[in-house]
Amino acid sequence: MRNFPIPIFLIIALLSSGIVVSCGSKKHAQTRSSINNLRYQVDSLRGLLLESKSTNAILKTENRELKKEQQAHLEKDQDLYSLLEDGMEKEYPWTGTQHFDLRKPNFVIIHHTAQNSTEQTIRTFKIAHTKVSAHYIISRNGEIFQVLNDYFRAWHAGIGKWGNVQDLNSSSLGIELDNNGKEPFSDAQIQALLGLLAELKSKYKIPQTNFLGHGDIAPGRKHDPSVLFPWKRLAEHGFGLWYNEDYLLSPPTHFDPLEALRLIGYDISNPRATIRAFKRKFMGEEVDEDLTEKDIQVIYNLYKRYL
Ligand SMILES: [Zn+2]
């Protein structure tokens with residue numbers, strides 16, 4: 001089996017930036033112990049990567065071109081190399097530890113591709129200038145494709161915010177649904193999505209509230225998944241929250257619905273965009289008109305669930 005190339009980078013990056021070179025014997029001993037620690041860390045990471053499904057898929061793939069492309073990307077990508085180097089604070093002595101693994105995803109962001117086929121999206125994710133990716137694509141007939149290892153940072157969320165989390169790419173998995181944005185989502189696709197979400201939720205212990213749409217985290221920029229997406233059905237399966245339709249009450253007079261949306265997680269810096277995002281998801285309409293009495297009751301009900 002061929003070695004996965006990332007550890008090579010880690011070795012180079014960590015060795016070149018983290019080791020204190022010195023003449024004193026005590027410092028030599030420190031350096032040796034640092035190297036041993038580094039080797040242990042790198043070996044652990046290598047093991048983890050080799051065990052991961054998509055890495056194995058790359059190593060086993062019959063598609064030689066794809067295999068070559070992905071390996072070349074990892075071997076030559078200067079951005080990745082710089083990032084690894086950037087993670088080392090060069091001025092501090094390196095001590096090391098063997099107790100570590102990779103950070104886990106804590107959010108799932110759902111998208112629609114706004115394209116016409118899964119093949120088109122697969123191509124888009126491989127074209128150099130697009131600079132977009134996701135972890136999974138689900139086709140209209142419910143076939144699931146993994147694009148990137150769950151532990152790696154895909155480029156799907158862009159500029160956005162949920163609560164105080166601003167870099168959602170760093171903490172989320174991105175799932176693209178093959179859908180042009182105007183058509184209903186097929187049952188096969190939603191069934192496949194529910195299965196995938198169940199796996200991810202249990203594997204990474206993702207909280208129910210952290211299953212979101214792209215439009216939720218970037219209300220001024222994005223509107224996917226579209227108004228046709230079945231959020232209520234997802235909530236019934238434990239992904240995202242829904243309001244209690246049988247228990248809608250008028251809130252107290254001091255209740256501020258926009259402030260409540262902020263506490264739920266929405267960015268309210270553009271209130272009309274926030275209202276549009278809320279109505280798209282919970283009221284089934286793509287409008288940014290003023291909140292109705294029913295809208296306010298729904299926000300009040302949701303807000304109490306988030307307390
Ligand atoms: Zn999107």
# chains A, B, ... in the order shown; residues from 1 in each chain; ligands from 1
$ residues_near_ligand --ligand "ligand 1" --cutoff "8 Å" --atoms "only C-alpha atoms and all ligand atoms" --output "PyMOL selection string"
chain A and resi 110-113+156-157+176+213-215+222-225
$ residues_around --residues "A:Asn106" --least-positions-apart "5" --cutoff "9 Å" --atoms "only C-alpha atoms" --output "PyMOL selection string"
chain A and resi 171-173+201+204-207+210
$ closest_residue --among "A:Val298, A:Leu194, A:Ile175, A:Leu307" --to "A:Pro230" --atoms "only C-alpha atoms"
A:Leu194
$ closest_atom_pairs --of "stretch 118-230 of chain A" --to "stretch 282-286 of chain A" --cutoff "9 Å" --atoms "only C-alpha atoms" --output "Markdown table"
| residue | atom | partner | partner_atom | distance |
| --- | --- | --- | --- | --- |
| A:His223 | CA | A:Glu286 | CA | 9.0 |
| A:Ser226 | CA | A:Glu286 | CA | 8.6 |
| A:Val227 | CA | A:Gly284 | CA | 5.8 |
| A:Leu228 | CA | A:Gly284 | CA | 7.4 |
| A:Phe229 | CA | A:Gly284 | CA | 8.9 |
$ closest_residue --among "A:Lys126, A:Lys104, A:Arg233, A:Lys279" --to "A:Lys294" --atoms "only C-alpha atoms"
A:Lys279
$ select_by_dssp --residues "stretch 79-270 of chain A" --states "strand (DSSP E)" --output "list in words"
Phe107, Val108, Ile109, Ile110, His111, His112, Tyr136, Ile137, Ile138, Ile144, Phe145, Gln146, Ser172, Leu173, Gly174, Ile175, Glu176, Leu177, Phe211, Leu212 and Gly213 of chain A
$ residues_around --residues "A:Tyr303" --least-positions-apart "6" --cutoff "12 Å" --atoms "only C-alpha atoms" --output "compact mmCIF listing (two decimals) with N, CA and C atoms, in the first residue's frame"
# COMPACT_ATOMS: atom_id res chain seq x y z
N THR A 209 -29.65 21.05 16.98
CA THR A 209 -29.83 22.43 16.50
C THR A 209 -28.81 22.80 15.43
N LEU A 241 -34.56 22.10 14.47
CA LEU A 241 -35.75 22.23 15.33
C LEU A 241 -36.94 22.74 14.55
N TRP A 242 -38.12 22.36 14.97
CA TRP A 242 -39.36 22.85 14.38
C TRP A 242 -40.24 23.36 15.51
N TYR A 243 -41.21 24.18 15.19
CA TYR A 243 -42.09 24.74 16.23
C TYR A 243 -43.27 23.81 16.48
N ASN A 244 -43.93 24.00 17.62
CA ASN A 244 -45.10 23.21 17.95
C ASN A 244 -46.34 23.88 17.37
N LEU A 248 -49.25 27.50 19.54
CA LEU A 248 -48.74 28.83 19.18
C LEU A 248 -49.42 29.89 20.04
N PRO A 251 -46.72 36.28 22.17
CA PRO A 251 -45.68 36.54 23.18
C PRO A 251 -46.03 37.74 24.04
N PHE A 255 -41.57 41.28 23.95
CA PHE A 255 -40.86 40.31 23.11
C PHE A 255 -40.41 40.96 21.79
N ASP A 256 -39.13 40.80 21.48
CA ASP A 256 -38.56 41.37 20.26
C ASP A 256 -38.22 40.22 19.30
N PRO A 257 -39.01 40.01 18.24
CA PRO A 257 -38.80 38.84 17.38
C PRO A 257 -37.43 38.80 16.70
N LEU A 258 -36.92 39.97 16.33
CA LEU A 258 -35.61 39.99 15.67
C LEU A 258 -34.51 39.58 16.65
N GLU A 259 -34.62 40.09 17.88
CA GLU A 259 -33.65 39.71 18.91
C GLU A 259 -33.74 38.20 19.18
N ALA A 260 -34.98 37.68 19.14
CA ALA A 260 -35.16 36.23 19.35
C ALA A 260 -34.48 35.45 18.22
N LEU A 261 -34.61 35.93 16.99
CA LEU A 261 -33.94 35.26 15.87
C LEU A 261 -32.42 35.30 16.06
N ARG A 262 -31.91 36.41 16.61
CA ARG A 262 -30.47 36.50 16.87
C ARG A 262 -30.06 35.46 17.92
N LEU A 263 -30.88 35.31 18.96
CA LEU A 263 -30.54 34.33 20.00
C LEU A 263 -30.63 32.90 19.49
N ILE A 264 -31.51 32.67 18.52
CA ILE A 264 -31.59 31.34 17.90
C ILE A 264 -30.30 31.05 17.11
N GLY A 265 -29.69 32.10 16.56
CA GLY A 265 -28.43 31.91 15.83
C GLY A 265 -28.27 32.80 14.61
N TYR A 266 -29.38 33.36 14.11
CA TYR A 266 -29.33 34.14 12.87
C TYR A 266 -28.48 35.40 13.00
N ILE A 296 -44.66 35.85 14.26
CA ILE A 296 -44.12 36.21 15.59
C ILE A 296 -44.41 35.10 16.60
N GLN A 297 -45.58 34.50 16.48
CA GLN A 297 -45.92 33.37 17.38
C GLN A 297 -44.97 32.19 17.14
$ residues_around --residues "A:Ala277" --least-positions-apart "4" --cutoff "7 Å" --atoms "only C-alpha atoms" --output "PyMOL selection string"
chain A and resi 215-216+219+273+281
$ write_last_selection --atoms "N, CA and C atoms" --output "PDB file, in the first residue's frame"
ATOM      1  N   GLY A 215     -28.707  29.058   3.548  1.00  0.00           N
ATOM      2  CA  GLY A 215     -29.461  30.311   3.694  1.00  0.00           C
ATOM      3  C   GLY A 215     -29.595  30.771   5.144  1.00  0.00           C
ATOM      4  N   ASP A 216     -29.525  29.847   6.100  1.00  0.00           N
ATOM      5  CA  ASP A 216     -29.605  30.218   7.520  1.00  0.00           C
ATOM      6  C   ASP A 216     -28.346  30.965   7.963  1.00  0.00           C
ATOM      7  N   PRO A 219     -27.764  34.741   5.340  1.00  0.00           N
ATOM      8  CA  PRO A 219     -29.081  35.171   4.849  1.00  0.00           C
ATOM      9  C   PRO A 219     -29.031  36.257   3.775  1.00  0.00           C
ATOM     10  N   ALA A 273     -33.117  40.467   5.218  1.00  0.00           N
ATOM     11  CA  ALA A 273     -32.576  39.173   4.759  1.00  0.00           C
ATOM     12  C   ALA A 273     -32.839  38.100   5.806  1.00  0.00           C
ATOM     13  N   LYS A 281     -37.687  29.137   5.563  1.00  0.00           N
ATOM     14  CA  LYS A 281     -37.520  27.852   6.243  1.00  0.00           C
ATOM     15  C   LYS A 281     -38.781  27.426   6.997  1.00  0.00           C
TER      16      LYS A 281
END
$ atom_distance --atom1 "atom CA of A:Phe107" --atom2 "atom CA of A:Asp86"
25.0 Å
$ closest_residue --among "A:Tyr92, A:Tyr136, A:Tyr306, A:Phe278" --to "A:Leu196" --atoms "only C-alpha atoms"
A:Tyr136
$ residues_around --residues "A:Ser133" --least-positions-apart "6" --cutoff "7 Å" --atoms "only C-alpha atoms" --output "ChimeraX atom specification"
/A:125,154-156
$ closest_residue --among "A:Thr118, A:Asn301, A:Ser82, A:Thr95" --to "A:Tyr247" --atoms "only C-alpha atoms"
A:Asn301
$ residues_around --residues "A:Leu177" --least-positions-apart "6" --cutoff "12 Å" --atoms "only C-alpha atoms" --output "MDAnalysis selection string"
chainID A and resid 109:118 121:122 134:145 183:186 188:193 213:214 224:226 229
$ atom_distance --atom1 "atom CA of A:Ser170" --atom2 "atom CA of A:Thr274"
23.0 Å
$ atom_distance --atom1 "atom CA of A:Ile275" --atom2 "atom CA of A:Asp246"
22.6 Å
